[in-house]
$ cat upload29.pdb   # PDB, C-alpha atoms
ATOM      1  CA  GLN A   1     120.049 102.734 181.398  1.00  0.00           C
ATOM      2  CA  LYS A   2     120.336 100.976 178.084  1.00  0.00           C
ATOM      3  CA  GLU A   3     119.210  97.357 178.151  1.00  0.00           C
ATOM      4  CA  VAL A   4     122.396  96.138 176.495  1.00  0.00           C
ATOM      5  CA  GLU A   5     125.686  97.777 177.361  1.00  0.00           C
ATOM      6  CA  GLN A   6     128.983  97.242 175.609  1.00  0.00           C
ATOM      7  CA  ASN A   7     132.463  98.231 176.707  1.00  0.00           C
ATOM      8  CA  SER A   8     133.273 101.622 175.353  1.00  0.00           C
ATOM      9  CA  GLY A   9     135.611 101.811 172.427  1.00  0.00           C
ATOM     10  CA  PRO A  10     137.258 102.269 170.206  1.00  0.00           C
ATOM     11  CA  LEU A  11     139.490  99.275 170.787  1.00  0.00           C
ATOM     12  CA  SER A  12     142.802  98.873 169.013  1.00  0.00           C
ATOM     13  CA  VAL A  13     144.872  95.702 169.023  1.00  0.00           C
ATOM     14  CA  PRO A  14     147.940  94.680 167.041  1.00  0.00           C
ATOM     15  CA  GLU A  15     147.645  92.036 164.362  1.00  0.00           C
ATOM     16  CA  GLY A  16     147.839  88.557 165.847  1.00  0.00           C
ATOM     17  CA  ALA A  17     146.656  89.633 169.291  1.00  0.00           C
ATOM     18  CA  ILE A  18     143.468  88.637 171.095  1.00  0.00           C
ATOM     19  CA  ALA A  19     140.633  91.149 170.990  1.00  0.00           C
ATOM     20  CA  SER A  20     138.192  91.012 173.889  1.00  0.00           C
ATOM     21  CA  LEU A  21     134.735  92.516 173.561  1.00  0.00           C
ATOM     22  CA  ASN A  22     132.317  92.664 176.471  1.00  0.00           C
ATOM     23  CA  CYS A  23     128.595  93.107 176.896  1.00  0.00           C
ATOM     24  CA  THR A  24     126.164  93.187 179.806  1.00  0.00           C
ATOM     25  CA  TYR A  25     122.389  92.993 179.659  1.00  0.00           C
ATOM     26  CA  SER A  26     119.669  93.968 182.046  1.00  0.00           C
ATOM     27  CA  ASP A  27     116.834  91.502 181.355  1.00  0.00           C
ATOM     28  CA  ARG A  28     117.546  88.503 183.538  1.00  0.00           C
ATOM     29  CA  VAL A  29     115.164  86.254 181.597  1.00  0.00           C
ATOM     30  CA  SER A  30     116.969  86.739 178.272  1.00  0.00           C
ATOM     31  CA  GLN A  31     117.767  83.429 176.621  1.00  0.00           C
ATOM     32  CA  SER A  32     119.535  84.151 173.352  1.00  0.00           C
ATOM     33  CA  PHE A  33     122.629  86.197 172.717  1.00  0.00           C
ATOM     34  CA  PHE A  34     124.322  87.149 169.498  1.00  0.00           C
ATOM     35  CA  TRP A  35     127.363  88.932 168.183  1.00  0.00           C
ATOM     36  CA  TYR A  36     127.140  90.792 164.906  1.00  0.00           C
ATOM     37  CA  ARG A  37     129.943  92.348 162.929  1.00  0.00           C
ATOM     38  CA  GLN A  38     129.197  95.487 160.962  1.00  0.00           C
ATOM     39  CA  TYR A  39     131.483  97.170 158.495  1.00  0.00           C
ATOM     40  CA  SER A  40     130.874 100.852 157.882  1.00  0.00           C
ATOM     41  CA  GLY A  41     127.805 101.407 155.718  1.00  0.00           C
ATOM     42  CA  LYS A  42     127.045  97.689 155.563  1.00  0.00           C
ATOM     43  CA  SER A  43     124.475  95.528 157.275  1.00  0.00           C
ATOM     44  CA  PRO A  44     125.124  93.613 160.507  1.00  0.00           C
ATOM     45  CA  GLU A  45     126.489  90.133 159.880  1.00  0.00           C
ATOM     46  CA  LEU A  46     125.796  87.389 162.391  1.00  0.00           C
ATOM     47  CA  ILE A  47     129.052  85.820 163.553  1.00  0.00           C
ATOM     48  CA  MET A  48     128.169  84.030 166.792  1.00  0.00           C
ATOM     49  CA  SER A  49     125.122  82.921 168.729  1.00  0.00           C
ATOM     50  CA  ILE A  50     125.141  81.504 172.240  1.00  0.00           C
ATOM     51  CA  TYR A  51     122.308  80.218 174.385  1.00  0.00           C
ATOM     52  CA  SER A  52     123.923  78.316 177.278  1.00  0.00           C
ATOM     53  CA  ASN A  53     126.367  79.271 179.971  1.00  0.00           C
ATOM     54  CA  GLY A  54     129.979  78.615 179.090  1.00  0.00           C
ATOM     55  CA  ASP A  55     132.082  78.986 175.996  1.00  0.00           C
ATOM     56  CA  LYS A  56     131.276  78.447 172.346  1.00  0.00           C
ATOM     57  CA  GLU A  57     134.073  78.373 169.827  1.00  0.00           C
ATOM     58  CA  ASP A  58     133.888  78.858 166.064  1.00  0.00           C
ATOM     59  CA  GLY A  59     137.229  79.224 164.339  1.00  0.00           C
ATOM     60  CA  ARG A  60     139.023  82.255 165.731  1.00  0.00           C
ATOM     61  CA  PHE A  61     135.917  83.391 167.597  1.00  0.00           C
ATOM     62  CA  THR A  62     134.883  82.371 171.111  1.00  0.00           C
ATOM     63  CA  ALA A  63     131.697  83.585 172.734  1.00  0.00           C
ATOM     64  CA  GLN A  64     131.322  83.343 176.492  1.00  0.00           C
ATOM     65  CA  LEU A  65     128.062  83.581 178.409  1.00  0.00           C
ATOM     66  CA  ASN A  66     127.505  83.958 182.136  1.00  0.00           C
ATOM     67  CA  LYS A  67     123.808  84.302 182.842  1.00  0.00           C
ATOM     68  CA  ALA A  68     124.300  84.740 186.586  1.00  0.00           C
ATOM     69  CA  SER A  69     126.426  87.811 185.933  1.00  0.00           C
ATOM     70  CA  GLN A  70     124.355  88.813 182.869  1.00  0.00           C
ATOM     71  CA  TYR A  71     127.531  89.005 180.862  1.00  0.00           C
ATOM     72  CA  VAL A  72     128.450  88.036 177.319  1.00  0.00           C
ATOM     73  CA  SER A  73     131.838  88.350 175.726  1.00  0.00           C
ATOM     74  CA  LEU A  74     133.500  87.739 172.386  1.00  0.00           C
ATOM     75  CA  LEU A  75     137.144  86.840 171.998  1.00  0.00           C
ATOM     76  CA  ILE A  76     138.828  87.111 168.619  1.00  0.00           C
ATOM     77  CA  ARG A  77     142.083  85.215 168.469  1.00  0.00           C
ATOM     78  CA  ASP A  78     144.875  85.956 166.001  1.00  0.00           C
ATOM     79  CA  SER A  79     143.190  89.232 165.077  1.00  0.00           C
ATOM     80  CA  GLN A  80     143.511  90.283 161.451  1.00  0.00           C
ATOM     81  CA  PRO A  81     143.153  93.733 159.868  1.00  0.00           C
ATOM     82  CA  SER A  82     140.031  92.406 158.137  1.00  0.00           C
ATOM     83  CA  ASP A  83     138.460  92.020 161.604  1.00  0.00           C
ATOM     84  CA  SER A  84     138.413  95.806 161.905  1.00  0.00           C
ATOM     85  CA  ALA A  85     134.728  96.645 162.220  1.00  0.00           C
ATOM     86  CA  THR A  86     132.060  97.514 164.753  1.00  0.00           C
ATOM     87  CA  TYR A  87     130.917  94.573 166.844  1.00  0.00           C
ATOM     88  CA  LEU A  88     127.357  94.627 168.081  1.00  0.00           C
ATOM     89  CA  CYS A  89     126.105  92.575 170.983  1.00  0.00           C
ATOM     90  CA  ALA A  90     122.431  91.659 170.658  1.00  0.00           C
ATOM     91  CA  VAL A  91     119.993  90.091 173.063  1.00  0.00           C
ATOM     92  CA  GLU A  92     116.802  88.560 171.786  1.00  0.00           C
ATOM     93  CA  GLY A  93     113.408  88.481 173.345  1.00  0.00           C
ATOM     94  CA  ARG A  94     110.470  89.549 171.186  1.00  0.00           C
ATOM     95  CA  GLN A  95     112.966  91.684 169.281  1.00  0.00           C
ATOM     96  CA  LEU A  96     116.700  91.985 168.900  1.00  0.00           C
ATOM     97  CA  THR A  97     118.055  94.649 171.229  1.00  0.00           C
ATOM     98  CA  PHE A  98     121.479  95.908 170.319  1.00  0.00           C
ATOM     99  CA  GLY A  99     124.232  97.458 172.331  1.00  0.00           C
ATOM    100  CA  SER A 100     125.895 100.588 171.038  1.00  0.00           C
ATOM    101  CA  GLY A 101     128.706  98.589 169.503  1.00  0.00           C
ATOM    102  CA  THR A 102     132.446  98.486 169.987  1.00  0.00           C
ATOM    103  CA  GLN A 103     134.629  99.712 167.157  1.00  0.00           C
ATOM    104  CA  LEU A 104     137.611  97.418 166.760  1.00  0.00           C
ATOM    105  CA  THR A 105     140.737  98.349 164.825  1.00  0.00           C
ATOM    106  CA  VAL A 106     143.394  95.727 164.192  1.00  0.00           C
ATOM    107  CA  LEU A 107     146.692  97.391 163.436  1.00  0.00           C
ATOM    108  CA  PRO A 108     148.997  95.697 160.887  1.00  0.00           C
TER     109      PRO A 108
ATOM    110  CA  ALA B 109     122.303  80.312 150.235  1.00  0.00           C
ATOM    111  CA  ALA B 110     119.443  82.741 149.780  1.00  0.00           C
ATOM    112  CA  GLY B 111     119.637  85.873 151.883  1.00  0.00           C
ATOM    113  CA  VAL B 112     117.296  88.644 152.892  1.00  0.00           C
ATOM    114  CA  ILE B 113     116.591  90.888 149.922  1.00  0.00           C
ATOM    115  CA  GLN B 114     115.788  94.549 150.341  1.00  0.00           C
ATOM    116  CA  SER B 115     114.751  97.023 147.695  1.00  0.00           C
ATOM    117  CA  PRO B 116     115.567  99.591 146.698  1.00  0.00           C
ATOM    118  CA  ARG B 117     119.168  99.814 147.872  1.00  0.00           C
ATOM    119  CA  HIS B 118     119.206 103.581 147.636  1.00  0.00           C
ATOM    120  CA  LEU B 119     116.371 106.073 147.690  1.00  0.00           C
ATOM    121  CA  ILE B 120     116.315 109.842 147.532  1.00  0.00           C
ATOM    122  CA  LYS B 121     113.127 111.628 148.450  1.00  0.00           C
ATOM    123  CA  GLU B 122     112.113 115.174 149.153  1.00  0.00           C
ATOM    124  CA  LYS B 123     110.606 116.364 152.402  1.00  0.00           C
ATOM    125  CA  ARG B 124     106.934 115.525 152.819  1.00  0.00           C
ATOM    126  CA  GLU B 125     107.106 112.794 150.182  1.00  0.00           C
ATOM    127  CA  THR B 126     106.283 109.133 150.717  1.00  0.00           C
ATOM    128  CA  ALA B 127     108.627 106.153 150.487  1.00  0.00           C
ATOM    129  CA  THR B 128     108.028 102.407 150.416  1.00  0.00           C
ATOM    130  CA  LEU B 129     110.767  99.971 151.388  1.00  0.00           C
ATOM    131  CA  LYS B 130     110.453  96.277 150.607  1.00  0.00           C
ATOM    132  CA  CYS B 131     111.903  93.237 152.315  1.00  0.00           C
ATOM    133  CA  TYR B 132     111.925  89.636 151.104  1.00  0.00           C
ATOM    134  CA  PRO B 133     112.922  87.275 153.928  1.00  0.00           C
ATOM    135  CA  ILE B 134     114.956  84.121 153.647  1.00  0.00           C
ATOM    136  CA  PRO B 135     112.713  81.283 152.354  1.00  0.00           C
ATOM    137  CA  ARG B 136     110.760  79.592 155.160  1.00  0.00           C
ATOM    138  CA  HIS B 137     111.488  82.436 157.571  1.00  0.00           C
ATOM    139  CA  ASP B 138     108.263  83.683 159.086  1.00  0.00           C
ATOM    140  CA  THR B 139     109.483  86.607 161.174  1.00  0.00           C
ATOM    141  CA  VAL B 140     110.579  89.984 159.858  1.00  0.00           C
ATOM    142  CA  TYR B 141     112.136  92.836 161.812  1.00  0.00           C
ATOM    143  CA  TRP B 142     112.686  96.436 160.664  1.00  0.00           C
ATOM    144  CA  TYR B 143     115.505  98.583 162.029  1.00  0.00           C
ATOM    145  CA  GLN B 144     116.621 102.162 161.472  1.00  0.00           C
ATOM    146  CA  GLN B 145     120.273 103.078 161.837  1.00  0.00           C
ATOM    147  CA  GLY B 146     121.479 106.647 161.812  1.00  0.00           C
ATOM    148  CA  PRO B 147     125.145 107.580 161.303  1.00  0.00           C
ATOM    149  CA  GLY B 148     127.289 106.325 164.160  1.00  0.00           C
ATOM    150  CA  GLN B 149     124.310 104.799 165.960  1.00  0.00           C
ATOM    151  CA  ASP B 150     123.291 101.247 166.739  1.00  0.00           C
ATOM    152  CA  PRO B 151     120.263  99.809 164.953  1.00  0.00           C
ATOM    153  CA  GLN B 152     116.992 100.982 166.468  1.00  0.00           C
ATOM    154  CA  PHE B 153     114.106  98.560 166.386  1.00  0.00           C
ATOM    155  CA  LEU B 154     111.020  99.820 164.559  1.00  0.00           C
ATOM    156  CA  ILE B 155     108.568  96.964 164.216  1.00  0.00           C
ATOM    157  CA  SER B 156     108.351  93.208 163.730  1.00  0.00           C
ATOM    158  CA  PHE B 157     105.964  90.691 162.257  1.00  0.00           C
ATOM    159  CA  TYR B 158     105.431  87.013 162.894  1.00  0.00           C
ATOM    160  CA  GLU B 159     103.215  84.949 160.629  1.00  0.00           C
ATOM    161  CA  LYS B 160     101.843  88.112 158.999  1.00  0.00           C
ATOM    162  CA  MET B 161     100.772  89.644 162.306  1.00  0.00           C
ATOM    163  CA  GLN B 162     102.516  92.526 164.042  1.00  0.00           C
ATOM    164  CA  SER B 163     104.386  91.003 166.966  1.00  0.00           C
ATOM    165  CA  ASP B 164     106.202  93.954 168.510  1.00  0.00           C
ATOM    166  CA  LYS B 165     106.512  97.669 168.052  1.00  0.00           C
ATOM    167  CA  GLY B 166     109.455  99.873 168.881  1.00  0.00           C
ATOM    168  CA  SER B 167     110.283 103.480 168.186  1.00  0.00           C
ATOM    169  CA  ILE B 168     108.360 103.667 164.933  1.00  0.00           C
ATOM    170  CA  PRO B 169     106.885 107.111 164.197  1.00  0.00           C
ATOM    171  CA  ASP B 170     103.159 107.339 163.575  1.00  0.00           C
ATOM    172  CA  ARG B 171     104.004 108.510 160.040  1.00  0.00           C
ATOM    173  CA  PHE B 172     105.364 105.043 159.323  1.00  0.00           C
ATOM    174  CA  SER B 173     103.388 101.867 158.818  1.00  0.00           C
ATOM    175  CA  ALA B 174     104.315  98.354 157.852  1.00  0.00           C
ATOM    176  CA  GLN B 175     102.788  95.031 157.050  1.00  0.00           C
ATOM    177  CA  GLN B 176     103.734  91.485 156.203  1.00  0.00           C
ATOM    178  CA  PHE B 177     102.022  89.873 153.258  1.00  0.00           C
ATOM    179  CA  SER B 178     100.844  86.333 152.602  1.00  0.00           C
ATOM    180  CA  ASP B 179     104.158  85.458 150.905  1.00  0.00           C
ATOM    181  CA  TYR B 180     105.939  86.770 154.047  1.00  0.00           C
ATOM    182  CA  HIS B 181     107.525  89.728 152.349  1.00  0.00           C
ATOM    183  CA  SER B 182     107.164  92.982 154.225  1.00  0.00           C
ATOM    184  CA  GLU B 183     106.845  96.626 153.282  1.00  0.00           C
ATOM    185  CA  LEU B 184     107.636  99.692 155.345  1.00  0.00           C
ATOM    186  CA  ASN B 185     105.654 102.740 154.282  1.00  0.00           C
ATOM    187  CA  MET B 186     106.964 106.113 155.311  1.00  0.00           C
ATOM    188  CA  SER B 187     104.917 109.261 154.781  1.00  0.00           C
ATOM    189  CA  SER B 188     105.503 112.973 155.320  1.00  0.00           C
ATOM    190  CA  LEU B 189     109.213 112.358 155.213  1.00  0.00           C
ATOM    191  CA  GLU B 190     111.455 114.563 157.306  1.00  0.00           C
ATOM    192  CA  LEU B 191     115.162 115.293 157.004  1.00  0.00           C
ATOM    193  CA  GLY B 192     115.707 113.289 160.187  1.00  0.00           C
ATOM    194  CA  ASP B 193     114.370 110.157 158.515  1.00  0.00           C
ATOM    195  CA  SER B 194     117.550 109.949 156.472  1.00  0.00           C
ATOM    196  CA  ALA B 195     119.172 106.716 157.610  1.00  0.00           C
ATOM    197  CA  LEU B 196     119.939 103.126 156.745  1.00  0.00           C
ATOM    198  CA  TYR B 197     116.887 100.905 157.044  1.00  0.00           C
ATOM    199  CA  PHE B 198     117.530  97.246 157.641  1.00  0.00           C
ATOM    200  CA  CYS B 199     115.228  94.315 157.473  1.00  0.00           C
ATOM    201  CA  ALA B 200     116.077  91.052 159.197  1.00  0.00           C
ATOM    202  CA  SER B 201     114.356  87.708 159.124  1.00  0.00           C
ATOM    203  CA  SER B 202     114.300  84.655 161.335  1.00  0.00           C
ATOM    204  CA  LYS B 203     112.426  81.415 161.696  1.00  0.00           C
ATOM    205  CA  GLY B 204     110.119  81.411 164.652  1.00  0.00           C
ATOM    206  CA  GLN B 205     109.354  84.137 167.101  1.00  0.00           C
ATOM    207  CA  GLY B 206     112.212  85.138 169.352  1.00  0.00           C
ATOM    208  CA  TYR B 207     115.234  83.194 170.566  1.00  0.00           C
ATOM    209  CA  THR B 208     116.434  82.406 167.058  1.00  0.00           C
ATOM    210  CA  GLU B 209     119.121  83.745 164.788  1.00  0.00           C
ATOM    211  CA  ALA B 210     118.153  86.750 162.699  1.00  0.00           C
ATOM    212  CA  PHE B 211     119.833  87.573 159.410  1.00  0.00           C
ATOM    213  CA  PHE B 212     119.957  91.039 157.932  1.00  0.00           C
ATOM    214  CA  GLY B 213     119.421  92.286 154.425  1.00  0.00           C
ATOM    215  CA  GLN B 214     121.833  94.725 152.821  1.00  0.00           C
ATOM    216  CA  GLY B 215     119.690  97.682 153.770  1.00  0.00           C
ATOM    217  CA  THR B 216     118.106 100.634 152.063  1.00  0.00           C
ATOM    218  CA  ARG B 217     119.846 103.969 152.336  1.00  0.00           C
ATOM    219  CA  LEU B 218     117.180 106.652 152.448  1.00  0.00           C
ATOM    220  CA  THR B 219     118.176 110.237 151.908  1.00  0.00           C
ATOM    221  CA  VAL B 220     115.590 112.954 152.450  1.00  0.00           C
ATOM    222  CA  VAL B 221     116.451 116.294 150.882  1.00  0.00           C
TER     223      VAL B 221
END
$ encode --input "upload29.pdb" --output "structure tokens"
Amino acid sequence: QKEVEQNSGPLSVPEGAIASLNCTYSDRVSQSFFWYRQYSGKSPELIMSIYSNGDKEDGRFTAQLNKASQYVSLLIRDSQPSDSATYLCAVEGRQLTFGSGTQLTVLP
Amino acid sequence: AAGVIQSPRHLIKEKRETATLKCYPIPRHDTVYWYQQGPGQDPQFLISFYEKMQSDKGSIPDRFSAQQFSDYHSELNMSSLELGDSALYFCASSKGQGYTEAFFGQGTRLTVV
């Protein structure tokens, strides 16, 4: 079993909708959690980091962490076509461990 | 703001040749990570360095080696290249070891022919 699992994609949402991306992790002692956005052929771009249980909001992005359930999510409000990319959940210990990514397409 | 710099951006090598990839971390970042990403795959961790010492090792082939220098830049040396080594190679840097945000360079696309 992969250490970081993401909900299988691809995920398509209409423009203006909320996109919900989910991630679970297996290492209960993990402390730091990140969401990266990656456009095809480009490098991962850090968009959110979260360390404590609860919600963290940054513009149209909200990250949610539930350590008891070992669950991290990313909500993208008012989705735009430019949000179309692969979103990678990452959990950090001595290294960054990535999930397999969820490909998001926002339809105009 | 300064970002992680990788060179070269593109590299074409023949089988059995050697390649050297370079990574210059964000100023004052002391940790460097190397990742390999094949088409349609998530980044696979190769190796990391903290304060010029190897801190963790992932799925790095024995044909590959890496080090971090006194100025904190890092080099990934790849020998006896195989067709399967064709991939995007990313370097990321962070400040401190673990639990901190890591930022990626633009990557080196290696093609082995």
$ residues_around --input "upload29.pdb" --residues "range 20-25 of chain A" --least-positions-apart "4" --cutoff "10 Å" --atoms "all atoms listed in the file" --output "PDB file with C-alpha atoms, in the coordinates of the input"
ATOM      1  CA  LYS A   2     120.336 100.976 178.084  1.00  0.00           C
ATOM      2  CA  GLU A   3     119.210  97.357 178.151  1.00  0.00           C
ATOM      3  CA  VAL A   4     122.396  96.138 176.495  1.00  0.00           C
ATOM      4  CA  GLU A   5     125.686  97.777 177.361  1.00  0.00           C
ATOM      5  CA  GLN A   6     128.983  97.242 175.609  1.00  0.00           C
ATOM      6  CA  ASN A   7     132.463  98.231 176.707  1.00  0.00           C
ATOM      7  CA  SER A   8     133.273 101.622 175.353  1.00  0.00           C
ATOM      8  CA  GLY A   9     135.611 101.811 172.427  1.00  0.00           C
ATOM      9  CA  LEU A  11     139.490  99.275 170.787  1.00  0.00           C
ATOM     10  CA  VAL A  13     144.872  95.702 169.023  1.00  0.00           C
ATOM     11  CA  SER A  30     116.969  86.739 178.272  1.00  0.00           C
ATOM     12  CA  PHE A  33     122.629  86.197 172.717  1.00  0.00           C
ATOM     13  CA  TRP A  35     127.363  88.932 168.183  1.00  0.00           C
ATOM     14  CA  THR A  62     134.883  82.371 171.111  1.00  0.00           C
ATOM     15  CA  ALA A  63     131.697  83.585 172.734  1.00  0.00           C
ATOM     16  CA  GLN A  64     131.322  83.343 176.492  1.00  0.00           C
ATOM     17  CA  LEU A  65     128.062  83.581 178.409  1.00  0.00           C
ATOM     18  CA  ASN A  66     127.505  83.958 182.136  1.00  0.00           C
ATOM     19  CA  LYS A  67     123.808  84.302 182.842  1.00  0.00           C
ATOM     20  CA  SER A  69     126.426  87.811 185.933  1.00  0.00           C
ATOM     21  CA  GLN A  70     124.355  88.813 182.869  1.00  0.00           C
ATOM     22  CA  TYR A  71     127.531  89.005 180.862  1.00  0.00           C
ATOM     23  CA  VAL A  72     128.450  88.036 177.319  1.00  0.00           C
ATOM     24  CA  SER A  73     131.838  88.350 175.726  1.00  0.00           C
ATOM     25  CA  LEU A  74     133.500  87.739 172.386  1.00  0.00           C
ATOM     26  CA  LEU A  75     137.144  86.840 171.998  1.00  0.00           C
ATOM     27  CA  ILE A  76     138.828  87.111 168.619  1.00  0.00           C
ATOM     28  CA  ARG A  77     142.083  85.215 168.469  1.00  0.00           C
ATOM     29  CA  TYR A  87     130.917  94.573 166.844  1.00  0.00           C
ATOM     30  CA  LEU A  88     127.357  94.627 168.081  1.00  0.00           C
ATOM     31  CA  CYS A  89     126.105  92.575 170.983  1.00  0.00           C
ATOM     32  CA  ALA A  90     122.431  91.659 170.658  1.00  0.00           C
ATOM     33  CA  VAL A  91     119.993  90.091 173.063  1.00  0.00           C
ATOM     34  CA  THR A  97     118.055  94.649 171.229  1.00  0.00           C
ATOM     35  CA  PHE A  98     121.479  95.908 170.319  1.00  0.00           C
ATOM     36  CA  GLY A  99     124.232  97.458 172.331  1.00  0.00           C
ATOM     37  CA  SER A 100     125.895 100.588 171.038  1.00  0.00           C
ATOM     38  CA  GLY A 101     128.706  98.589 169.503  1.00  0.00           C
ATOM     39  CA  THR A 102     132.446  98.486 169.987  1.00  0.00           C
ATOM     40  CA  GLN A 103     134.629  99.712 167.157  1.00  0.00           C
ATOM     41  CA  LEU A 104     137.611  97.418 166.760  1.00  0.00           C
TER      42      LEU A 104
END
$ closest_atom_pairs --input "upload29.pdb" --of "chain B" --to "chain A" --cutoff "8 Å" --atoms "all atoms listed in the file" --output "CSV"
residue,atom,partner,partner_atom,distance
B:Tyr141,CA,A:Gln95,CA,7.6
B:Gln149,CA,A:Ser100,CA,6.8
B:Asp150,CA,A:Ser100,CA,5.1
B:Pro151,CA,A:Phe98,CA,6.7
B:Gln152,CA,A:Phe98,CA,7.8
B:Phe153,CA,A:Thr97,CA,7.4
B:Ser156,CA,A:Gln95,CA,7.4
B:Ser163,CA,A:Arg94,CA,7.5
B:Asp164,CA,A:Arg94,CA,6.7
B:Phe198,CA,A:Ser43,CA,7.2
B:Gln205,CA,A:Arg94,CA,6.9
B:Gly206,CA,A:Arg94,CA,5.1
B:Tyr207,CA,A:Ser32,CA,5.2
B:Thr208,CA,A:Ser32,CA,7.2
B:Glu209,CA,A:Ser49,CA,7.2
B:Ala210,CA,A:Leu46,CA,7.7
B:Phe211,CA,A:Leu46,CA,6.7
B:Phe212,CA,A:Pro44,CA,6.3
B:Gly213,CA,A:Ser43,CA,6.6
B:Gln214,CA,A:Ser43,CA,5.2
B:Gly215,CA,A:Ser43,CA,6.3
$ write_last_selection --input "upload29.pdb" --atoms "C-alpha atoms" --output "short mmCIF file (atom, residue, chain, number, x, y, z; two decimals), keeping the file's coordinate frame"
data_model
loop_
_atom_site.label_atom_id
_atom_site.label_comp_id
_atom_site.auth_asym_id
_atom_site.auth_seq_id
_atom_site.Cartn_x
_atom_site.Cartn_y
_atom_site.Cartn_z
CA TYR B 141 112.14 92.84 161.81
CA GLN B 149 124.31 104.80 165.96
CA ASP B 150 123.29 101.25 166.74
CA PRO B 151 120.26 99.81 164.95
CA GLN B 152 116.99 100.98 166.47
CA PHE B 153 114.11 98.56 166.39
CA SER B 156 108.35 93.21 163.73
CA SER B 163 104.39 91.00 166.97
CA ASP B 164 106.20 93.95 168.51
CA PHE B 198 117.53 97.25 157.64
CA GLN B 205 109.35 84.14 167.10
CA GLY B 206 112.21 85.14 169.35
CA TYR B 207 115.23 83.19 170.57
CA THR B 208 116.43 82.41 167.06
CA GLU B 209 119.12 83.74 164.79
CA ALA B 210 118.15 86.75 162.70
CA PHE B 211 119.83 87.57 159.41
CA PHE B 212 119.96 91.04 157.93
CA GLY B 213 119.42 92.29 154.43
CA GLN B 214 121.83 94.72 152.82
CA GLY B 215 119.69 97.68 153.77
#
$ resolve_selection --input "upload29.pdb" --expression "the PyMOL selection byres ((chain B and resi 158) around 7)" --output "PyMOL selection string"
chain B and resi 138-140+156-157+159-163+205
$ resolve_selection --input "upload29.pdb" --expression "the PyMOL selection byres ((chain B and resi 168) around 10)" --output "PyMOL selection string"
chain B and resi 142-144+152-155+165-167+169-174
$ resolve_selection --input "upload29.pdb" --expression "the PyMOL selection byres ((chain B and resi 117) around 9)" --output "ChimeraX atom specification"
/B:114-116,118-119,214-218
$ residues_around --input "upload29.pdb" --residues "Thr128 in chain B" --least-positions-apart "5" --cutoff "9 Å" --atoms "all atoms listed in the file" --output "ChimeraX atom specification"
/B:116,183-187
$ atom_distance --input "upload29.pdb" --atom1 "CA of Gln80 in chain A" --atom2 "CA of Tyr39 in chain A"
14.2 Å
$ axis_aligned_box --input "upload29.pdb" --around "range 94-105 of chain A" --padding-each-side "5 Å" --output "JSON"
{"center_x": 125.6, "center_y": 95.1, "center_z": 168.6, "size_x": 40.3, "size_y": 21.0, "size_z": 17.5}
